[in-house]
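Everything below belongs to target-v4.csv, which stores CSV, N, CA and C atoms.
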```
chain,number,residue,atom,x,y,z
S,25,MET,N,67.4,-33.7,91.8
S,25,MET,CA,68.2,-34.7,92.4
S,25,MET,C,68.1,-34.6,93.9
S,26,ASP,N,67.9,-35.6,94.6
S,26,ASP,CA,67.7,-35.6,96.0
S,26,ASP,C,68.8,-35.1,96.8
S,27,MET,N,70.1,-35.3,96.4
S,27,MET,CA,71.2,-34.9,97.2
S,27,MET,C,71.3,-33.3,97.2
S,28,PHE,N,70.7,-32.6,96.3
S,28,PHE,CA,70.7,-31.2,96.3
S,28,PHE,C,69.5,-30.5,96.9
S,29,ARG,N,68.7,-31.4,97.6
S,29,ARG,CA,67.5,-30.9,98.2
S,29,ARG,C,67.8,-29.8,99.2
S,30,GLY,N,67.1,-28.7,99.2
S,30,GLY,CA,67.3,-27.6,100.1
S,30,GLY,C,68.2,-26.5,99.6
S,31,LEU,N,69.1,-26.8,98.6
S,31,LEU,CA,70.0,-25.7,98.1
S,31,LEU,C,69.2,-24.7,97.4
S,32,GLY,N,68.1,-25.0,96.7
S,32,GLY,CA,67.3,-24.0,96.0
S,32,GLY,C,66.7,-23.0,96.9
S,33,GLY,N,66.2,-23.5,98.0
S,33,GLY,CA,65.6,-22.6,99.0
S,33,GLY,C,66.7,-21.7,99.6
S,34,LEU,N,67.8,-22.3,99.9
S,34,LEU,CA,68.9,-21.5,100.4
S,34,LEU,C,69.4,-20.4,99.4
S,35,GLU,N,69.4,-20.8,98.2
S,35,GLU,CA,69.8,-19.8,97.2
S,35,GLU,C,68.8,-18.6,97.1
S,36,ARG,N,67.5,-19.0,97.1
S,36,ARG,CA,66.5,-17.9,97.1
S,36,ARG,C,66.6,-17.0,98.3
S,37,GLY,N,66.8,-17.7,99.5
S,37,GLY,CA,67.0,-16.9,100.7
S,37,GLY,C,68.2,-16.0,100.7
S,38,LEU,N,69.3,-16.4,100.1
S,38,LEU,CA,70.4,-15.6,100.0
S,38,LEU,C,70.2,-14.4,99.1
S,39,GLU,N,69.5,-14.7,98.0
S,39,GLU,CA,69.2,-13.6,97.0
S,39,GLU,C,68.3,-12.6,97.7
S,40,ALA,N,67.3,-13.0,98.5
S,40,ALA,CA,66.4,-12.1,99.2
S,40,ALA,C,67.2,-11.3,100.2
S,41,SER,N,68.1,-11.9,100.9
S,41,SER,CA,68.8,-11.2,102.0
S,41,SER,C,69.7,-10.2,101.3
S,42,TRP,N,70.3,-10.5,100.2
S,42,TRP,CA,71.2,-9.5,99.5
S,42,TRP,C,70.4,-8.3,99.1
S,43,MET,N,69.2,-8.6,98.5
S,43,MET,CA,68.3,-7.5,98.1
S,43,MET,C,67.8,-6.7,99.3
S,44,ARG,N,67.5,-7.4,100.4
S,44,ARG,CA,67.1,-6.6,101.6
S,44,ARG,C,68.2,-5.7,102.1
S,45,ASN,N,69.5,-6.2,102.0
S,45,ASN,CA,70.6,-5.4,102.5
S,45,ASN,C,70.7,-4.1,101.6
S,46,SER,N,70.6,-4.3,100.3
S,46,SER,CA,70.7,-3.2,99.4
S,46,SER,C,69.5,-2.2,99.6
S,47,THR,N,68.3,-2.7,99.9
S,47,THR,CA,67.1,-1.9,100.1
S,47,THR,C,67.3,-1.1,101.4
S,48,ILE,N,67.8,-1.7,102.5
S,48,ILE,CA,68.0,-1.0,103.7
S,48,ILE,C,69.1,0.1,103.6
S,49,LEU,N,70.1,-0.3,102.9
S,49,LEU,CA,71.2,0.7,102.7
S,49,LEU,C,70.7,1.9,101.9
S,50,ASN,N,69.8,1.7,100.9
S,50,ASN,CA,69.2,2.8,100.1
S,50,ASN,C,68.3,3.6,101.1
S,51,ASN,N,67.6,3.0,101.9
S,51,ASN,CA,66.8,3.7,102.9
S,51,ASN,C,67.6,4.6,103.8
S,52,VAL,N,68.7,4.1,104.3
S,52,VAL,CA,69.6,4.8,105.2
S,52,VAL,C,70.2,6.0,104.4
S,53,ALA,N,70.6,5.7,103.2
S,53,ALA,CA,71.3,6.8,102.4
S,53,ALA,C,70.3,7.9,102.1
S,54,ASN,N,69.0,7.7,102.2
S,54,ASN,CA,68.0,8.7,101.9
S,54,ASN,C,67.2,9.2,103.1
S,55,VAL,N,67.8,8.9,104.3
S,55,VAL,CA,67.1,9.3,105.5
S,55,VAL,C,66.8,10.8,105.6
S,56,ASP,N,67.6,11.6,105.0
S,56,ASP,CA,67.3,13.1,105.0
S,56,ASP,C,66.7,13.6,103.7
S,57,THR,N,66.3,12.8,102.8
S,57,THR,CA,65.8,13.2,101.5
S,57,THR,C,64.3,13.5,101.7
S,58,PRO,N,63.9,14.7,101.4
S,58,PRO,CA,62.5,15.1,101.6
S,58,PRO,C,61.5,14.2,100.8
S,59,ASP,N,60.4,13.8,101.3
S,59,ASP,CA,59.4,13.0,100.7
S,59,ASP,C,59.8,11.6,100.3
S,60,PHE,N,61.0,11.1,100.8
S,60,PHE,CA,61.5,9.8,100.4
S,60,PHE,C,60.7,8.8,101.3
S,61,LYS,N,60.2,7.8,100.6
S,61,LYS,CA,59.5,6.7,101.3
S,61,LYS,C,60.3,5.4,101.3
S,62,ALA,N,60.5,4.9,102.5
S,62,ALA,CA,61.3,3.7,102.7
S,62,ALA,C,60.7,2.5,102.0
S,63,SER,N,61.5,1.5,101.7
S,63,SER,CA,61.0,0.3,101.1
S,63,SER,C,61.5,-0.9,102.0
S,64,HIS,N,60.9,-2.0,101.8
S,64,HIS,CA,61.3,-3.3,102.5
S,64,HIS,C,61.1,-4.4,101.5
S,65,VAL,N,61.8,-5.5,101.9
S,65,VAL,CA,61.8,-6.7,101.0
S,65,VAL,C,60.9,-7.8,101.7
S,66,GLU,N,60.0,-8.3,100.8
S,66,GLU,CA,59.1,-9.4,101.3
S,66,GLU,C,59.6,-10.7,100.6
S,67,PHE,N,59.9,-11.7,101.4
S,67,PHE,CA,60.3,-13.0,100.8
S,67,PHE,C,59.8,-14.2,101.7
S,68,GLU,N,60.1,-14.2,103.0
S,68,GLU,CA,59.9,-15.3,103.8
S,68,GLU,C,58.4,-15.8,103.8
S,69,ASP,N,57.5,-14.9,103.9
S,69,ASP,CA,56.0,-15.2,103.8
S,69,ASP,C,55.7,-15.8,102.5
S,70,LEU,N,56.2,-15.3,101.4
S,70,LEU,CA,56.0,-15.8,100.1
S,70,LEU,C,56.5,-17.2,99.9
S,71,TYR,N,57.7,-17.4,100.4
S,71,TYR,CA,58.3,-18.7,100.3
S,71,TYR,C,57.6,-19.7,101.1
S,72,LYS,N,57.2,-19.4,102.3
S,72,LYS,CA,56.4,-20.3,103.2
S,72,LYS,C,55.1,-20.7,102.5
S,73,ALA,N,54.4,-19.7,102.0
S,73,ALA,CA,53.1,-20.0,101.3
S,73,ALA,C,53.3,-20.9,100.1
S,74,ALA,N,54.4,-20.7,99.4
S,74,ALA,CA,54.7,-21.6,98.2
S,74,ALA,C,55.0,-23.0,98.6
S,75,ILE,N,55.7,-23.2,99.7
S,75,ILE,CA,56.0,-24.5,100.2
S,75,ILE,C,54.7,-25.2,100.7
S,76,GLU,N,53.9,-24.4,101.5
S,76,GLU,CA,52.7,-25.0,102.0
S,76,GLU,C,51.8,-25.4,100.9
S,77,GLU,N,51.7,-24.7,99.8
S,77,GLU,CA,50.9,-25.0,98.7
S,77,GLU,C,51.4,-26.2,97.9
S,78,ALA,N,52.7,-26.3,97.8
S,78,ALA,CA,53.3,-27.4,97.0
S,78,ALA,C,53.5,-28.7,97.8
S,79,GLY,N,53.6,-28.6,99.1
S,79,GLY,CA,53.8,-29.7,99.9
S,79,GLY,C,55.3,-29.9,100.2
S,80,SER,N,55.7,-30.5,101.3
S,80,SER,CA,57.1,-30.5,101.7
S,80,SER,C,58.0,-31.3,100.7
S,81,GLU,N,57.4,-32.3,100.0
S,81,GLU,CA,58.2,-33.0,99.1
S,81,GLU,C,58.7,-32.2,97.9
S,82,ASP,N,57.9,-31.2,97.5
S,82,ASP,CA,58.2,-30.3,96.4
S,82,ASP,C,58.8,-29.0,96.8
S,83,ALA,N,59.4,-28.9,98.0
S,83,ALA,CA,59.8,-27.6,98.5
S,83,ALA,C,60.8,-26.9,97.5
S,84,ASP,N,61.7,-27.7,97.0
S,84,ASP,CA,62.7,-27.1,96.1
S,84,ASP,C,62.0,-26.6,94.8
S,85,LYS,N,61.1,-27.3,94.3
S,85,LYS,CA,60.3,-26.8,93.1
S,85,LYS,C,59.6,-25.5,93.4
S,86,ALA,N,59.0,-25.5,94.6
S,86,ALA,CA,58.3,-24.3,95.1
S,86,ALA,C,59.2,-23.1,95.2
S,87,ALA,N,60.5,-23.4,95.6
S,87,ALA,CA,61.5,-22.3,95.8
S,87,ALA,C,61.9,-21.7,94.5
S,88,GLU,N,61.8,-22.5,93.4
S,88,GLU,CA,62.3,-22.0,92.1
S,88,GLU,C,61.4,-20.8,91.6
S,89,GLY,N,60.1,-20.8,91.9
S,89,GLY,CA,59.3,-19.8,91.5
S,89,GLY,C,59.1,-18.6,92.4
S,90,VAL,N,59.7,-18.6,93.6
S,90,VAL,CA,59.6,-17.6,94.5
S,90,VAL,C,60.7,-16.6,94.4
S,91,ARG,N,60.4,-15.3,94.3
S,91,ARG,CA,61.4,-14.3,94.2
S,91,ARG,C,61.0,-13.2,95.2
S,92,ALA,N,62.0,-12.6,95.8
S,92,ALA,CA,61.8,-11.5,96.7
S,92,ALA,C,61.3,-10.3,96.0
S,93,VAL,N,60.5,-9.5,96.7
S,93,VAL,CA,59.8,-8.4,96.1
S,93,VAL,C,60.1,-7.1,97.0
S,94,VAL,N,60.5,-6.0,96.4
S,94,VAL,CA,60.7,-4.8,97.1
S,94,VAL,C,59.4,-4.0,97.1
S,95,VAL,N,58.9,-3.7,98.3
S,95,VAL,CA,57.7,-3.0,98.5
S,95,VAL,C,57.9,-1.6,99.2
S,96,GLN,N,57.4,-0.6,98.6
S,96,GLN,CA,57.5,0.8,99.1
S,96,GLN,C,56.5,1.0,100.2
S,97,ASP,N,56.9,1.6,101.3
S,97,ASP,CA,56.0,1.9,102.4
S,97,ASP,C,55.4,3.3,102.3
S,98,ASP,N,54.3,3.4,101.5
S,98,ASP,CA,53.7,4.7,101.2
S,98,ASP,C,52.7,5.2,102.3
S,99,ASP,N,52.4,4.3,103.2
S,99,ASP,CA,51.3,4.6,104.1
S,99,ASP,C,51.6,5.5,105.3
S,100,THR,N,52.9,5.7,105.5
S,100,THR,CA,53.3,6.4,106.7
S,100,THR,C,54.2,7.6,106.4
S,101,THR,N,54.2,8.6,107.3
S,101,THR,CA,55.1,9.7,107.3
S,101,THR,C,55.5,10.0,108.7
S,102,TYR,N,56.8,9.9,109.0
S,102,TYR,CA,57.4,10.1,110.3
S,102,TYR,C,57.9,11.5,110.5
S,103,ARG,N,58.3,12.2,109.4
S,103,ARG,CA,59.0,13.4,109.5
S,103,ARG,C,58.2,14.6,108.9
S,104,MET,N,58.5,15.8,109.3
S,104,MET,CA,57.9,17.0,108.8
S,104,MET,C,58.1,17.2,107.3
S,105,ASP,N,59.2,16.6,106.7
S,105,ASP,CA,59.4,16.8,105.3
S,105,ASP,C,58.7,15.8,104.4
S,106,GLY,N,57.9,14.9,105.0
S,106,GLY,CA,57.2,13.9,104.3
S,106,GLY,C,57.9,12.5,104.2
S,107,GLY,N,59.1,12.4,104.7
S,107,GLY,CA,59.8,11.2,104.6
S,107,GLY,C,59.3,10.2,105.7
S,108,ASN,N,59.6,8.9,105.5
S,108,ASN,CA,59.2,8.0,106.6
S,108,ASN,C,60.3,7.0,106.9
S,109,VAL,N,61.6,7.4,106.7
S,109,VAL,CA,62.7,6.5,107.1
S,109,VAL,C,63.0,6.6,108.6
S,110,ASP,N,62.8,5.5,109.3
S,110,ASP,CA,63.1,5.5,110.7
S,110,ASP,C,64.5,4.8,110.9
S,111,ILE,N,65.5,5.6,111.2
S,111,ILE,CA,66.8,5.1,111.1
S,111,ILE,C,67.1,4.0,112.1
S,112,ASP,N,66.4,4.1,113.3
S,112,ASP,CA,66.6,3.0,114.3
S,112,ASP,C,66.0,1.7,113.8
S,113,LYS,N,64.9,1.7,113.1
S,113,LYS,CA,64.3,0.5,112.6
S,113,LYS,C,65.2,0.0,111.4
S,114,GLN,N,65.8,0.9,110.6
S,114,GLN,CA,66.6,0.4,109.5
S,114,GLN,C,67.9,-0.3,110.1
S,115,MET,N,68.5,0.3,111.1
S,115,MET,CA,69.7,-0.3,111.7
S,115,MET,C,69.4,-1.6,112.3
S,116,THR,N,68.2,-1.8,113.0
S,116,THR,CA,67.8,-3.0,113.6
S,116,THR,C,67.5,-4.1,112.5
S,117,ASP,N,66.9,-3.6,111.4
S,117,ASP,CA,66.6,-4.5,110.3
S,117,ASP,C,67.9,-5.0,109.6
S,118,LEU,N,68.9,-4.1,109.5
S,118,LEU,CA,70.2,-4.4,108.9
S,118,LEU,C,70.9,-5.5,109.8
S,119,ALA,N,70.9,-5.3,111.1
S,119,ALA,CA,71.5,-6.3,112.0
S,119,ALA,C,70.9,-7.6,111.9
S,120,LYS,N,69.5,-7.7,111.9
S,120,LYS,CA,68.8,-8.9,111.7
S,120,LYS,C,69.1,-9.6,110.4
S,121,ASN,N,69.2,-8.8,109.3
S,121,ASN,CA,69.5,-9.3,108.0
S,121,ASN,C,70.9,-9.9,107.9
S,122,VAL,N,71.9,-9.3,108.6
S,122,VAL,CA,73.2,-9.8,108.6
S,122,VAL,C,73.2,-11.2,109.3
S,123,ILE,N,72.5,-11.3,110.4
S,123,ILE,CA,72.4,-12.6,111.1
S,123,ILE,C,71.8,-13.7,110.2
S,124,TYR,N,70.7,-13.3,109.5
S,124,TYR,CA,70.0,-14.1,108.6
S,124,TYR,C,70.9,-14.6,107.5
S,125,TYR,N,71.6,-13.7,106.9
S,125,TYR,CA,72.5,-14.0,105.8
S,125,TYR,C,73.6,-14.9,106.2
S,126,ASN,N,74.2,-14.6,107.4
S,126,ASN,CA,75.3,-15.5,107.9
S,126,ASN,C,74.7,-16.9,108.2
S,127,THR,N,73.5,-17.0,108.7
S,127,THR,CA,72.9,-18.3,109.0
S,127,THR,C,72.8,-19.1,107.7
S,128,LEU,N,72.2,-18.5,106.7
S,128,LEU,CA,72.0,-19.2,105.4
S,128,LEU,C,73.3,-19.6,104.8
S,129,THR,N,74.4,-18.7,104.8
S,129,THR,CA,75.6,-19.1,104.2
S,129,THR,C,76.3,-20.3,105.0
S,130,THR,N,76.1,-20.3,106.3
S,130,THR,CA,76.6,-21.4,107.1
S,130,THR,C,75.9,-22.7,106.8
S,131,LYS,N,74.6,-22.6,106.6
S,131,LYS,CA,73.8,-23.8,106.3
S,131,LYS,C,74.2,-24.3,104.9
S,132,ALA,N,74.3,-23.4,103.9
S,132,ALA,CA,74.7,-23.8,102.5
S,132,ALA,C,76.0,-24.4,102.5
S,133,SER,N,77.0,-23.8,103.3
S,133,SER,CA,78.3,-24.3,103.3
S,133,SER,C,78.3,-25.7,103.9
S,134,GLY,N,77.5,-26.0,104.9
S,134,GLY,CA,77.5,-27.3,105.5
S,134,GLY,C,76.9,-28.3,104.5
S,135,GLN,N,75.9,-27.9,103.8
S,135,GLN,CA,75.3,-28.9,102.8
S,135,GLN,C,76.3,-29.2,101.7
S,136,ILE,N,77.0,-28.2,101.2
S,136,ILE,CA,78.0,-28.4,100.2
S,136,ILE,C,79.2,-29.2,100.7
S,137,ASN,N,79.6,-29.0,101.9
S,137,ASN,CA,80.6,-29.9,102.5
S,137,ASN,C,80.2,-31.3,102.6
S,138,GLN,N,78.9,-31.6,102.9
S,138,GLN,CA,78.4,-32.9,103.0
S,138,GLN,C,78.4,-33.6,101.6
S,139,LEU,N,78.1,-32.8,100.6
S,139,LEU,CA,78.1,-33.3,99.2
S,139,LEU,C,79.6,-33.6,98.8
S,140,ARG,N,80.5,-32.7,99.2
S,140,ARG,CA,81.9,-32.9,98.9
S,140,ARG,C,82.4,-34.2,99.5
S,141,MET,N,82.0,-34.4,100.8
S,141,MET,CA,82.5,-35.7,101.5
S,141,MET,C,81.9,-36.9,100.8
S,142,ALA,N,80.6,-36.8,100.4
S,142,ALA,CA,80.0,-38.0,99.8
S,142,ALA,C,80.7,-38.3,98.4
S,143,ILE,N,81.1,-37.3,97.7
S,143,ILE,CA,81.7,-37.5,96.4
S,143,ILE,C,83.1,-38.1,96.6
S,144,LYS,N,83.9,-37.6,97.6
S,144,LYS,CA,85.2,-38.1,97.9
S,144,LYS,C,85.2,-39.5,98.4
S,145,GLU,N,84.2,-39.9,99.2
S,145,GLU,CA,84.2,-41.2,99.8
S,145,GLU,C,83.4,-42.2,98.9
S,146,GLY,N,82.6,-41.7,98.0
S,146,GLY,CA,81.8,-42.5,97.1
S,146,GLY,C,82.6,-42.9,95.9
```

So that I can check it, write out the structure of this file as structure tokens.
Amino acid sequence: MDMFRGLGGLERGLEASWMRNSTILNNVANVDTPDFKASHVEFEDLYKAAIEEAGSEDADKAAEGVRAVVVQDDDTTYRMDGGNVDIDKQMTDLAKNVIYYNTLTTKASGQINQLRMAIKEG
């Protein structure tokens, strides 16, 4: 239905952001764990590729099939104990993710409020 356009993408973005938050917190919790390899969440590039493939009219349909993926960073080692958690990077990523999550919730709330107004006045 056209009035719900965009909500599917916002939902997937919120799911990805929640997963990213959990992944970052797991990395931070294991900063001193020997041989622990940090992980990150991939979503935005996957979502963008799906939309480009489907075309802008089918963006919500494209969003339905896109899910965030947790990827382990096995290629690097920053510490003598074999771990690769960079705490400064994790804290920066966490701050960026909080902003991203807040932006998506604000946009979703705005769209829901528009629907609510249309229902009340219609």

*Using DSSP on the backbone coordinates, identify the residues of chain S assigned to alpha helix (DSSP H); present them as a PyMOL selection string.*
chain S and resi 31-53+68-78+83-89+111-145

*Could you give me, as a PyMOL selection string, the residues within 8 Å of stretch 99-104 of chain S, counting only N, CA and C atoms and dropping anything in the same chain fewer than 5 positions from it?*
chain S and resi 58-59+61-62+109-110

*Selection near S:Val55, 8 Å with all atoms listed in the file, sequence-local residues under 3 positions removed, as a list of chain:residue names*: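 Contacts, with the query itself left out: S:Leu49, S:Asn50, S:Asn51, S:Val52, S:Pro58, S:Phe60, S:Gly107, S:Asn108, S:Val109, S:Asp110, S:Ile111.
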
Which residues are near stretch 67-79 of chain S? Cut-off 6 Å, all atoms listed in the file, ignore same chain within fewer than 5 positions. Put them as a CSV table (one decimal) with N, CA and C atoms, in the coordinates of the input.
```csv
chain,number,residue,atom,x,y,z
S,86,ALA,N,59.0,-25.5,94.6
S,86,ALA,CA,58.3,-24.3,95.1
S,86,ALA,C,59.2,-23.1,95.2
S,91,ARG,N,60.4,-15.3,94.3
S,91,ARG,CA,61.4,-14.3,94.2
S,91,ARG,C,61.0,-13.2,95.2
S,92,ALA,N,62.0,-12.6,95.8
S,92,ALA,CA,61.8,-11.5,96.7
S,92,ALA,C,61.3,-10.3,96.0
S,93,VAL,N,60.5,-9.5,96.7
S,93,VAL,CA,59.8,-8.4,96.1
S,93,VAL,C,60.1,-7.1,97.0
```

*In terms of the shortest atom-to-atom distance over only N, CA and C atoms, which of S:Glu35, S:Ile48, S:Ser41, S:Glu88 is closest to S:Met115?*
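Of all the options, S:Ile48 lies closest to S:Met115.
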
_Here's a test: counting only C-alpha atoms, identify every protein, DNA and RNA residue with an atom at most 12 Å from (71.5, -16.3, 99.0) in the file's coordinate frame, and state them as a PyMOL selection string._
chain S and resi 31-45+67+91-92+121-122+124-133

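If you measure from each of S:Val95, S:Gly89, S:Gln114, S:Ile136 to S:Ala53 using only C-alpha atoms, the closest one turns out to be S:Gln114.
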
_Distance of atom CA of S:Gln135 from atom CA of S:Ala87, expressed in Å to one decimal place_ =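 We find that atom CA of S:Ala87 and atom CA of S:Gln135 lie 16.8 Å from each other.
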